[in-house]
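Trainee: First the structure, which I've put down as structure tokens, then a few questions once you've had a look.
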Amino acid sequence: MRHCLIAVLLVLSGCGSESSDPAPETPDETPEEPIVEAPRPLREVVGEDTFEALPTAELDGPKVLLGRALFHDRRLSGDESVSCSTCHMLSHGGAEPRATSVGIQGQVGPINSPTVINAEHNFRQFWDGRAADLLEQAAGPVTNPIEMGGEWPTILERLNDDDAFVSQMQASYGDGPVTQANVLDAIVQYERSLSTPGDFDRWLGGADDALDEQEQRGLRAFVEIGCTTCHRGINLGGTMYQRMGLVTNYFERRGGRVTEADLGRFNVTEEETDRHMFKVPTLRNIENTGPYFHDGSEADLANAVRTMATVQLGQELEESQVSDLVAFLRTLTGELPDGAALPSAGGTEEATEEAEAATEGATEE
């Protein structure tokens, strides 16, 4: 009997002990939501010193008009067949719609003409930087045998035989005959007037709504991908030299032989470190200035963006990034000032048609 009581007590003791244990906790199976940080404000990403809006230049109106006339004047070429506007068409963003320039007597040049619009803000002129400023740049093509093939004594004789033109020059430059210095200065004054502020300049000025959502994404990508390493400042370019094919060999990708023009800055300095170095071009009005690159090898802006991302940054972009970047680049297109084009029928459209016809003729030959 005593043994039975002990067994009962042990059983009761065990039951009591088991019932007094706390119930096990049920684990919370709901995962915690990840904390998503808000993107940095776009203006913070861009920074204050990366870009600069186009400034307003103080210009001499009569000299600008003289320069406009001279910019479109074929008397500056050897056989009076071409003018500055033949290769720098206002209707094509101040550049040309062909791979390389076509000059006097249909001669095909070795390189694509860069835009003259907003060119004042480049630190040097020409792809290889051989000209220090617009004045030096304006003089180059006039006497180049492939481009305009002119000779200054002949040019000045033609201009001085034009009494109306001489009177206009004297009103701005004083009594005396038309001189080479005055002709070039007037052309420079005109080129300085070719300033094209656009939506991006308004955004830089504080107007957040100047860029739509996609354009803002494109600007953010432009900075974050690394495009601003080279394309910065007033002209989003034109501030430095850079090697064409910094990460990936551009010329192998292009699939053609390397030409003398491909040597870039090396042709000026003969320094090995300058081989394939070019002045970084402005991106202003880029949607209108194709074909792109110094060799005019790419006609499509989106493809140009893809190529630059690959050869300069070592990146393969997603299609959405390309679309956003192109949308942003189009905000760099601006309107030419009133009076930039000649009012007569012999203005920029005629020059464009003639240049295109010359290109076709040179191609057929």
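Residues in the structure tokens are named by chain (A, B, ... in the order shown) and by number from 1 within that chain; ligands are numbered from 1 in the order shown.
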Using only C-alpha atoms, which residues sit within 9 Å of Asn118 of chain A once same-chain residues fewer than 3 positions away are excluded, as an MDAnalysis selection string?

Mentor: chainID A and resid 54 115 121:122 191:196 235 282 284

Trainee: Apply DSSP to the backbone of this structure and, from segment 122-360 of chain A, keep only the residues in strand (DSSP E); write these as a list in words.

Mentor: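 Strand (DSSP E) assignments inside segment 122-360 of chain A correspond to Tyr241, Gln242, Arg243, Met277, Phe278 and Lys279 of chain A.
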
Trainee: Kindly export the residues of the current selection with N, CA and C atoms, as a PDB file, in the first residue's frame.

Mentor:
ATOM      1  N   TYR A 241      41.285  67.455 -72.928  1.00  0.00           N
ATOM      2  CA  TYR A 241      41.525  66.401 -73.908  1.00  0.00           C
ATOM      3  C   TYR A 241      41.251  65.059 -73.239  1.00  0.00           C
ATOM      4  N   GLN A 242      40.830  64.079 -74.035  1.00  0.00           N
ATOM      5  CA  GLN A 242      40.642  62.740 -73.511  1.00  0.00           C
ATOM      6  C   GLN A 242      40.941  61.730 -74.618  1.00  0.00           C
ATOM      7  N   ARG A 243      41.427  60.564 -74.216  1.00  0.00           N
ATOM      8  CA  ARG A 243      41.754  59.526 -75.178  1.00  0.00           C
ATOM      9  C   ARG A 243      40.477  58.885 -75.718  1.00  0.00           C
ATOM     10  N   MET A 277      44.322  61.295 -78.590  1.00  0.00           N
ATOM     11  CA  MET A 277      43.716  62.258 -77.663  1.00  0.00           C
ATOM     12  C   MET A 277      42.976  63.327 -78.477  1.00  0.00           C
ATOM     13  N   PHE A 278      41.749  63.639 -78.034  1.00  0.00           N
ATOM     14  CA  PHE A 278      40.929  64.637 -78.717  1.00  0.00           C
ATOM     15  C   PHE A 278      40.338  65.588 -77.679  1.00  0.00           C
ATOM     16  N   LYS A 279      40.042  66.796 -78.140  1.00  0.00           N
ATOM     17  CA  LYS A 279      39.275  67.702 -77.287  1.00  0.00           C
ATOM     18  C   LYS A 279      37.900  67.093 -77.075  1.00  0.00           C
TER      19      LYS A 279
END

Trainee: With only C-alpha atoms as the atoms that count, which of A:Leu156, A:Ala38, A:Leu325, A:Ile187 lies nearest to His72 of chain A?

Mentor: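 Of A:Leu156, A:Ala38, A:Leu325, A:Ile187, the one nearest His72 of chain A, counting only C-alpha atoms, is A:Ile187.
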
Trainee: Within 12 Å of Met308 of chain A, counting only C-alpha atoms, which residues qualify if same-chain residues fewer than 6 places away don't, as a ChimeraX atom specification?

Mentor: /A:222,225-227,230-231,243-250,253,280,292-293,298,301-302,314-317,322,325

Trainee: From a DSSP calculation on the backbone, collect every residue of segment 97-179 of chain A in helix (DSSP H, G or I) and output the set as an MDAnalysis selection string.

Mentor: chainID A and resid 104:106 119:121 134:143 152:160 163:173

Trainee: I want to know what sits within 8 Å of segment 208-215 of chain A, based on only C-alpha atoms, with residues of the same chain fewer than 2 positions away left out; could you give that as a list in words?

Mentor: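 Counting only the stated atoms, we get Asp199, Phe200, Arg202, Trp203, Gly206, Arg217, Gly218, Leu219, Asp324, Leu325, Ala327, Phe328 and Thr331 of chain A.
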
Trainee: Rank A:Leu76, A:Thr239, A:Ile117, A:Leu283 by their smallest atom-to-atom distance to Ser91 of chain A, using only C-alpha atoms, and report the top residue only.

Mentor: A:Ile117

Trainee: I'd like the neighbourhood of segment 103-106 of chain A as a count of residues only, where a residue qualifies if any of its atoms comes within 7 Å (using only C-alpha atoms), though same-chain residues fewer than 2 positions away should be ignored.

Mentor: 10

Trainee: Might you pull out every residue within 12 Å of segment 170-174 of chain A, with only C-alpha atoms counted and same-chain residues fewer than 6 positions away left off, and present them as a VMD selection string?

Mentor: chain A and resid 60 to 67 160 163 to 164 180 to 183 185 to 186 189

Trainee: Take the residues from that selection and write them out as an mmCIF file, in the first residue's frame, keeping C-alpha atoms.

Mentor:
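Generated file (result_39.cif):
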data_model
loop_
_atom_site.group_PDB
_atom_site.id
_atom_site.type_symbol
_atom_site.label_atom_id
_atom_site.label_comp_id
_atom_site.auth_asym_id
_atom_site.auth_seq_id
_atom_site.Cartn_x
_atom_site.Cartn_y
_atom_site.Cartn_z
ATOM 1 C CA ASP A 60 28.568 94.803 -80.884
ATOM 2 C CA GLY A 61 25.434 94.441 -83.040
ATOM 3 C CA PRO A 62 26.796 95.938 -86.294
ATOM 4 C CA LYS A 63 29.925 93.796 -86.091
ATOM 5 C CA VAL A 64 27.800 90.703 -85.505
ATOM 6 C CA LEU A 65 25.808 91.475 -88.669
ATOM 7 C CA LEU A 66 29.014 91.959 -90.639
ATOM 8 C CA GLY A 67 30.290 88.650 -89.316
ATOM 9 C CA ASN A 160 37.277 95.971 -101.228
ATOM 10 C CA ASP A 163 31.639 99.630 -102.068
ATOM 11 C CA ALA A 164 28.581 98.884 -99.934
ATOM 12 C CA GLN A 180 42.194 90.397 -92.816
ATOM 13 C CA ALA A 181 42.123 91.318 -89.117
ATOM 14 C CA ASN A 182 38.748 93.045 -89.440
ATOM 15 C CA VAL A 183 37.223 90.207 -91.454
ATOM 16 C CA ASP A 185 37.207 89.755 -85.940
ATOM 17 C CA ALA A 186 33.732 90.214 -87.423
ATOM 18 C CA GLN A 189 31.825 88.418 -83.094
#
